[in-house]
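J.: Got a structure here, written out as structure tokens. Questions coming.
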Amino acid sequence: MDPAQRTRTRPVPGRRRPRLHLFDLDGTLLYGSAAAVEISQQLGVEREIRQLEAAFAAGGLTPPQFAARACALWTELTDEIVHAAFDGAPWLAGIREVWARIRADGEHCAVISLSPDFFVRRLQEWGADATHGSHWPEVPRAMPNGGTKYPLRPLDPSGILSPGSKVKIAGQLCAEFGVRAQDCVAYGDSMSDAALFATVPVSVAVNADHHVRSLASHHYNGRDLREAYGLVSRPR
């Protein structure tokens with residue numbers, strides 16, 4: 001959604017303050033998977049990307065290093081493949097319903113992910129007020145002349161987000177929507193969410209690993225975002 005089209009919520013005396021709900025994507029909105037894995041499945045390089053995912057989780061790769069190596073694997077990537085990966089991904093049930101409920105209550109929802117922004121921003125069509133992902137080279141609709149390979153332009157390491165970026169972006173979104181930092185709710189599953197979980201008062205560990213379970217206010221294991229949201233939803 002264009003920032004100019006967003007509605008800045010102004011507190012009304014006697015009403016509860018609006019909240020900002022911050023969602024991770026990989027392993028959180030996607031059940032047991034990640035955007036890079038779904039794309040790689042479409043390209044036939046799933047084994048290779050899972051090796052990179054394991055190295056990143058173990059601290060052997062930085063986010064820019066992971067992105068550079070993934071780009072090298074995705075030479076045949078086109079927008080059609082991204083579309084197929086997005087549509088075939090194992091999304092949690094109820095994402096659209098939860099975001100519609102959040103917005104109907106005068107609150108806001110955003111997705112912040114280290115995954116490629118060309119994948120993450122598709123969630124705006126599902127009702128997210130804002131999405132933020134790493135700035136990977138844009139994906140062509142089709143390869144020109146059938147010869148040029150992805151990426152058409154070099155990856156810029158400075159555009160790749162880190163776990164700490166989530167905290168910075170959350171602060172920017174709070175200012176944009178007129179929400180206090182203490183009125184944020186974070187949803188995540190892994191190490192990349194730990195810094196954000198440590199800075200917000202309410203958090204939901206969704207199918208999470210040990211990196212965030214001890215930090216979370218609430219825990220959810222399952223495949224329905226409506227149930228995870230129910231742990232923090234306000235009664236109507």
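In the structure tokens, chains take letters A, B, ... by order of appearance, with residues numbered from 1 within each chain and ligands from 1 in the order shown.
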Once you count only C-alpha atoms, what closest atom pair and distance in Å to one decimal does each residue of region 79-170 of chain A within 7 Å of region 193-199 of chain A have, with rows by chain and rising residue number, as CSV?
T.:
```
residue,atom,partner,partner_atom,distance
A:Pro163,CA,A:Asp193,CA,6.4
A:Gly164,CA,A:Ala195,CA,6.3
A:Lys166,CA,A:Leu196,CA,6.3
A:Val167,CA,A:Leu196,CA,5.3
```
J.: Would you mind exporting the chosen residues as an mmCIF file, in the first residue's frame, restricted to all heavy atoms?
T.:
```cif
data_model
loop_
_atom_site.group_PDB
_atom_site.id
_atom_site.type_symbol
_atom_site.label_atom_id
_atom_site.label_comp_id
_atom_site.auth_asym_id
_atom_site.auth_seq_id
_atom_site.Cartn_x
_atom_site.Cartn_y
_atom_site.Cartn_z
ATOM 1 N N PRO A 163 18.660 -9.018 11.336
ATOM 2 C CA PRO A 163 17.719 -9.044 12.466
ATOM 3 C C PRO A 163 17.560 -7.690 13.137
ATOM 4 O O PRO A 163 16.463 -7.306 13.541
ATOM 5 C CB PRO A 163 18.348 -10.082 13.399
ATOM 6 C CG PRO A 163 19.053 -11.026 12.476
ATOM 7 C CD PRO A 163 19.616 -10.145 11.388
ATOM 8 N N GLY A 164 18.643 -6.949 13.249
ATOM 9 C CA GLY A 164 18.557 -5.621 13.861
ATOM 10 C C GLY A 164 17.739 -4.642 13.038
ATOM 11 O O GLY A 164 17.171 -3.687 13.585
ATOM 12 N N LYS A 166 14.950 -5.166 11.777
ATOM 13 C CA LYS A 166 13.539 -5.281 12.141
ATOM 14 C C LYS A 166 13.180 -4.274 13.240
ATOM 15 O O LYS A 166 12.090 -3.701 13.225
ATOM 16 C CB LYS A 166 13.222 -6.707 12.592
ATOM 17 C CG LYS A 166 13.283 -7.741 11.479
ATOM 18 C CD LYS A 166 12.700 -9.075 11.923
ATOM 19 C CE LYS A 166 12.597 -10.051 10.772
ATOM 20 N NZ LYS A 166 11.897 -11.288 11.145
ATOM 21 N N VAL A 167 14.082 -4.077 14.169
ATOM 22 C CA VAL A 167 13.838 -3.122 15.251
ATOM 23 C C VAL A 167 13.770 -1.706 14.690
ATOM 24 O O VAL A 167 12.882 -0.914 15.044
ATOM 25 C CB VAL A 167 14.935 -3.229 16.322
ATOM 26 C CG1 VAL A 167 14.719 -2.193 17.417
ATOM 27 C CG2 VAL A 167 14.964 -4.632 16.914
#
```
J.: Could you tell me which of A:Leu114, A:Gly230, A:Leu123, A:Leu30 comes closest to Met191 (chain A) if we count only C-alpha atoms?
T.: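 Counting only C-alpha atoms, the residue closest to Met191 (chain A) is A:Leu114.
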J.: Could you pull out the residues in region 46-193 of chain A that DSSP calls helix (DSSP H, G or I) from the backbone, as a short mmCIF file (atom, residue, chain, number, x, y, z; two decimals) with N, CA and C atoms, in the first residue's frame?
T.:
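Saved file out17.cif follows:
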```cif
data_model
loop_
_atom_site.label_atom_id
_atom_site.label_comp_id
_atom_site.auth_asym_id
_atom_site.auth_seq_id
_atom_site.Cartn_x
_atom_site.Cartn_y
_atom_site.Cartn_z
N GLU A 46 16.30 -26.96 -4.38
CA GLU A 46 15.91 -26.95 -2.97
C GLU A 46 17.02 -27.47 -2.07
N ARG A 47 17.70 -28.53 -2.48
CA ARG A 47 18.76 -29.09 -1.63
C ARG A 47 19.84 -28.04 -1.37
N GLU A 48 20.22 -27.33 -2.42
CA GLU A 48 21.27 -26.32 -2.28
C GLU A 48 20.84 -25.18 -1.37
N ILE A 49 19.59 -24.74 -1.49
CA ILE A 49 19.15 -23.62 -0.66
C ILE A 49 19.00 -24.04 0.79
N ARG A 50 18.61 -25.27 1.02
CA ARG A 50 18.50 -25.73 2.42
C ARG A 50 19.89 -25.79 3.08
N GLN A 51 20.90 -26.09 2.31
CA GLN A 51 22.26 -26.06 2.85
C GLN A 51 22.65 -24.63 3.24
N LEU A 52 22.26 -23.68 2.39
CA LEU A 52 22.53 -22.28 2.72
C LEU A 52 21.73 -21.84 3.95
N GLU A 53 20.47 -22.27 4.03
CA GLU A 53 19.63 -21.93 5.19
C GLU A 53 20.26 -22.47 6.47
N ALA A 54 20.78 -23.70 6.43
CA ALA A 54 21.41 -24.29 7.61
C ALA A 54 22.67 -23.53 8.00
N ALA A 55 23.45 -23.14 7.00
CA ALA A 55 24.67 -22.38 7.29
C ALA A 55 24.34 -21.01 7.89
N PHE A 56 23.28 -20.37 7.38
CA PHE A 56 22.87 -19.08 7.93
C PHE A 56 22.39 -19.23 9.37
N ALA A 57 21.57 -20.25 9.62
CA ALA A 57 21.04 -20.46 10.98
C ALA A 57 22.16 -20.76 11.96
N PRO A 63 23.52 -12.28 6.34
CA PRO A 63 22.41 -12.11 5.40
C PRO A 63 22.84 -11.73 3.99
N PRO A 64 23.79 -10.79 3.79
CA PRO A 64 24.23 -10.49 2.42
C PRO A 64 24.91 -11.67 1.74
N GLN A 65 25.68 -12.45 2.49
CA GLN A 65 26.33 -13.62 1.90
C GLN A 65 25.29 -14.66 1.47
N PHE A 66 24.29 -14.86 2.31
CA PHE A 66 23.23 -15.79 1.94
C PHE A 66 22.53 -15.32 0.67
N ALA A 67 22.20 -14.04 0.61
CA ALA A 67 21.50 -13.50 -0.55
C ALA A 67 22.33 -13.65 -1.83
N ALA A 68 23.62 -13.37 -1.74
CA ALA A 68 24.49 -13.46 -2.91
C ALA A 68 24.55 -14.90 -3.43
N ARG A 69 24.65 -15.85 -2.52
CA ARG A 69 24.74 -17.25 -2.95
C ARG A 69 23.40 -17.75 -3.49
N ALA A 70 22.31 -17.27 -2.90
CA ALA A 70 20.99 -17.66 -3.42
C ALA A 70 20.79 -17.10 -4.81
N CYS A 71 21.17 -15.85 -5.03
CA CYS A 71 21.05 -15.25 -6.36
C CYS A 71 21.81 -16.08 -7.40
N ALA A 72 22.97 -16.58 -7.02
CA ALA A 72 23.77 -17.38 -7.95
C ALA A 72 23.07 -18.69 -8.32
N LEU A 73 22.19 -19.17 -7.43
CA LEU A 73 21.44 -20.40 -7.70
C LEU A 73 20.21 -20.15 -8.57
N ASP A 79 9.38 -13.66 -12.92
CA ASP A 79 8.22 -13.29 -12.12
C ASP A 79 7.19 -14.42 -12.08
N GLU A 80 7.08 -15.16 -13.15
CA GLU A 80 6.15 -16.29 -13.20
C GLU A 80 6.51 -17.34 -12.16
N ILE A 81 7.79 -17.58 -11.98
CA ILE A 81 8.24 -18.55 -10.98
C ILE A 81 7.97 -18.03 -9.57
N VAL A 82 8.22 -16.75 -9.33
CA VAL A 82 7.92 -16.17 -8.02
C VAL A 82 6.43 -16.30 -7.72
N HIS A 83 5.61 -16.02 -8.71
CA HIS A 83 4.15 -16.13 -8.55
C HIS A 83 3.76 -17.56 -8.18
N ALA A 84 4.33 -18.55 -8.85
CA ALA A 84 4.02 -19.95 -8.56
C ALA A 84 4.48 -20.34 -7.16
N ALA A 85 5.65 -19.84 -6.77
CA ALA A 85 6.17 -20.14 -5.43
C ALA A 85 5.27 -19.54 -4.35
N PHE A 86 4.83 -18.31 -4.57
CA PHE A 86 3.96 -17.64 -3.60
C PHE A 86 2.63 -18.37 -3.48
N ASP A 87 2.02 -18.69 -4.60
CA ASP A 87 0.70 -19.33 -4.58
C ASP A 87 0.76 -20.75 -4.02
N GLY A 88 1.87 -21.44 -4.20
CA GLY A 88 1.97 -22.81 -3.73
C GLY A 88 2.57 -22.98 -2.35
N ILE A 95 -4.84 -15.86 7.38
CA ILE A 95 -4.05 -14.63 7.36
C ILE A 95 -4.90 -13.43 6.96
N ARG A 96 -5.64 -13.56 5.88
CA ARG A 96 -6.47 -12.44 5.44
C ARG A 96 -7.50 -12.06 6.50
N GLU A 97 -8.09 -13.07 7.14
CA GLU A 97 -9.12 -12.80 8.15
C GLU A 97 -8.54 -12.05 9.35
N VAL A 98 -7.35 -12.47 9.78
CA VAL A 98 -6.72 -11.80 10.93
C VAL A 98 -6.40 -10.35 10.59
N TRP A 99 -5.84 -10.11 9.43
CA TRP A 99 -5.47 -8.73 9.08
C TRP A 99 -6.71 -7.87 8.87
N ALA A 100 -7.77 -8.46 8.34
CA ALA A 100 -9.01 -7.70 8.20
C ALA A 100 -9.57 -7.34 9.58
N ARG A 101 -9.49 -8.25 10.52
CA ARG A 101 -9.96 -7.98 11.89
C ARG A 101 -9.12 -6.88 12.54
N ILE A 102 -7.80 -6.97 12.37
CA ILE A 102 -6.91 -5.96 12.95
C ILE A 102 -7.26 -4.57 12.41
N ARG A 103 -7.43 -4.46 11.12
CA ARG A 103 -7.72 -3.17 10.52
C ARG A 103 -9.13 -2.69 10.86
N ALA A 104 -10.07 -3.61 10.97
CA ALA A 104 -11.43 -3.22 11.35
C ALA A 104 -11.46 -2.67 12.77
N ASP A 117 12.19 -8.72 -1.12
CA ASP A 117 11.03 -7.85 -1.08
C ASP A 117 10.05 -8.16 -2.21
N PHE A 118 10.54 -8.70 -3.34
CA PHE A 118 9.62 -9.02 -4.43
C PHE A 118 8.67 -10.16 -4.08
N PHE A 119 8.99 -10.91 -3.04
CA PHE A 119 8.09 -11.94 -2.51
C PHE A 119 7.24 -11.37 -1.39
N VAL A 120 7.87 -10.65 -0.47
CA VAL A 120 7.19 -10.15 0.72
C VAL A 120 6.08 -9.16 0.37
N ARG A 121 6.32 -8.27 -0.59
CA ARG A 121 5.33 -7.23 -0.86
C ARG A 121 4.04 -7.74 -1.46
N ARG A 122 4.02 -8.97 -1.94
CA ARG A 122 2.77 -9.55 -2.44
C ARG A 122 1.73 -9.67 -1.32
N LEU A 123 2.18 -9.65 -0.09
CA LEU A 123 1.24 -9.75 1.04
C LEU A 123 0.44 -8.47 1.24
N GLN A 124 0.79 -7.40 0.60
CA GLN A 124 -0.04 -6.20 0.65
C GLN A 124 -1.41 -6.49 0.04
N GLU A 125 -1.45 -7.37 -0.94
CA GLU A 125 -2.72 -7.73 -1.57
C GLU A 125 -3.62 -8.51 -0.62
N TRP A 126 -3.04 -9.08 0.43
CA TRP A 126 -3.81 -9.83 1.42
C TRP A 126 -4.28 -8.96 2.59
N PRO A 144 14.90 -11.72 -21.17
CA PRO A 144 15.00 -11.12 -22.50
C PRO A 144 15.84 -11.98 -23.43
N ASN A 145 15.29 -12.26 -24.61
CA ASN A 145 15.96 -13.04 -25.65
C ASN A 145 16.30 -14.46 -25.21
N GLY A 146 15.78 -14.84 -24.04
CA GLY A 146 16.02 -16.19 -23.56
C GLY A 146 17.45 -16.48 -23.19
N PRO A 157 24.64 -5.37 -1.36
CA PRO A 157 24.62 -5.90 0.02
C PRO A 157 23.97 -4.94 1.02
N SER A 158 24.05 -3.63 0.75
CA SER A 158 23.49 -2.66 1.70
C SER A 158 21.98 -2.73 1.78
N GLY A 159 21.34 -3.35 0.79
CA GLY A 159 19.88 -3.44 0.80
C GLY A 159 19.35 -4.68 1.49
N PRO A 163 18.66 -9.02 11.34
CA PRO A 163 17.72 -9.04 12.47
C PRO A 163 17.56 -7.69 13.14
N GLY A 164 18.64 -6.95 13.25
CA GLY A 164 18.56 -5.62 13.86
C GLY A 164 17.74 -4.64 13.04
N SER A 165 17.66 -4.88 11.73
CA SER A 165 16.87 -4.01 10.86
C SER A 165 15.40 -4.04 11.25
N LYS A 166 14.95 -5.17 11.78
CA LYS A 166 13.54 -5.28 12.14
C LYS A 166 13.18 -4.27 13.24
N VAL A 167 14.08 -4.08 14.17
CA VAL A 167 13.84 -3.12 15.25
C VAL A 167 13.77 -1.71 14.69
N LYS A 168 14.70 -1.38 13.80
CA LYS A 168 14.72 -0.04 13.20
C LYS A 168 13.46 0.21 12.38
N ILE A 169 13.06 -0.77 11.57
CA ILE A 169 11.86 -0.61 10.74
C ILE A 169 10.62 -0.51 11.60
N ALA A 170 10.56 -1.27 12.67
CA ALA A 170 9.42 -1.19 13.59
C ALA A 170 9.28 0.22 14.14
N GLY A 171 10.40 0.85 14.47
CA GLY A 171 10.35 2.23 14.96
C GLY A 171 9.84 3.19 13.91
N GLN A 172 10.25 2.98 12.66
CA GLN A 172 9.77 3.82 11.57
C GLN A 172 8.28 3.66 11.36
N LEU A 173 7.80 2.43 11.46
CA LEU A 173 6.37 2.18 11.29
C LEU A 173 5.56 2.78 12.43
N CYS A 174 6.10 2.74 13.63
CA CYS A 174 5.40 3.37 14.76
C CYS A 174 5.21 4.86 14.49
N ALA A 175 6.24 5.52 14.01
CA ALA A 175 6.14 6.94 13.70
C ALA A 175 5.15 7.18 12.57
N GLU A 176 5.18 6.33 11.58
CA GLU A 176 4.31 6.49 10.43
C GLU A 176 2.84 6.34 10.78
N PHE A 177 2.53 5.38 11.66
CA PHE A 177 1.14 5.11 12.01
C PHE A 177 0.70 5.79 13.30
N ALA A 181 5.74 2.59 20.75
CA ALA A 181 6.51 1.34 20.74
C ALA A 181 5.94 0.33 21.73
N GLN A 182 5.42 0.82 22.83
CA GLN A 182 4.86 -0.08 23.84
C GLN A 182 3.51 -0.65 23.44
N ASP A 183 3.01 -0.25 22.28
CA ASP A 183 1.74 -0.80 21.79
C ASP A 183 1.95 -1.72 20.59
N MET A 191 15.73 -16.97 15.34
CA MET A 191 16.80 -16.05 15.72
C MET A 191 16.62 -14.66 15.12
N SER A 192 16.11 -14.58 13.90
CA SER A 192 15.99 -13.27 13.26
C SER A 192 14.94 -12.39 13.94
N ASP A 193 14.13 -12.97 14.82
CA ASP A 193 13.10 -12.21 15.53
C ASP A 193 13.48 -11.88 16.97
#
```
J.: Taking the DSSP secondary structure from the backbone, can you list the residues of chain A that are strand (DSSP E or B), as a count of residues only?
T.: 35
J.: Quick check, in Å to one decimal: how far apart do CA of Arg234 (chain A) and CA of His21 (chain A) lie?
T.: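 Distance between the two atoms: 12.7 Å.
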J.: Record the distance separating CA of Thr75 (chain A) and CA of Ala89 (chain A), expressed in Å with one decimal.
T.: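 Separation of CA of Thr75 (chain A) and CA of Ala89 (chain A): 20.7 Å.
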J.: Nearest residue to His132 (chain A) out of A:Glu38, A:Glu107, A:Ile160, A:Leu43, using only C-alpha atoms?
T.: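 Closest to His132 (chain A), using only C-alpha atoms: A:Ile160.
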J.: Excluding Ile112 (chain A) and any residue of its chain fewer than 3 positions from it, enumerate the residues within 7 Å of it, using only C-alpha atoms, and give them as JSON, numbers by chain.
T.: {"A": [22, 23, 24, 131, 132, 133, 166]}
J.: Write out, as a PDB file, in the first residue's frame, the residues just selected, with N, CA and C atoms.
T.:
```pdb
ATOM      1  N   LEU A  22       3.303  -6.776  14.150  1.00  0.00           N
ATOM      2  CA  LEU A  22       4.464  -6.958  13.297  1.00  0.00           C
ATOM      3  C   LEU A  22       4.705  -8.448  13.066  1.00  0.00           C
ATOM      4  N   PHE A  23       4.595  -8.877  11.827  1.00  0.00           N
ATOM      5  CA  PHE A  23       4.682 -10.292  11.485  1.00  0.00           C
ATOM      6  C   PHE A  23       5.971 -10.616  10.740  1.00  0.00           C
ATOM      7  N   ASP A  24       6.643 -11.660  11.189  1.00  0.00           N
ATOM      8  CA  ASP A  24       7.711 -12.280  10.413  1.00  0.00           C
ATOM      9  C   ASP A  24       7.057 -13.130   9.324  1.00  0.00           C
ATOM     10  N   THR A 131       4.742  -3.675   4.046  1.00  0.00           N
ATOM     11  CA  THR A 131       5.655  -4.819   4.009  1.00  0.00           C
ATOM     12  C   THR A 131       7.073  -4.299   3.798  1.00  0.00           C
ATOM     13  N   HIS A 132       8.015  -4.955   4.447  1.00  0.00           N
ATOM     14  CA  HIS A 132       9.426  -4.614   4.299  1.00  0.00           C
ATOM     15  C   HIS A 132      10.218  -5.901   4.142  1.00  0.00           C
ATOM     16  N   GLY A 133      10.981  -6.000   3.054  1.00  0.00           N
ATOM     17  CA  GLY A 133      11.853  -7.136   2.818  1.00  0.00           C
ATOM     18  C   GLY A 133      13.207  -6.653   2.341  1.00  0.00           C
ATOM     19  N   LYS A 166      14.950  -5.166  11.777  1.00  0.00           N
ATOM     20  CA  LYS A 166      13.539  -5.281  12.141  1.00  0.00           C
ATOM     21  C   LYS A 166      13.180  -4.274  13.240  1.00  0.00           C
TER      22      LYS A 166
END
```
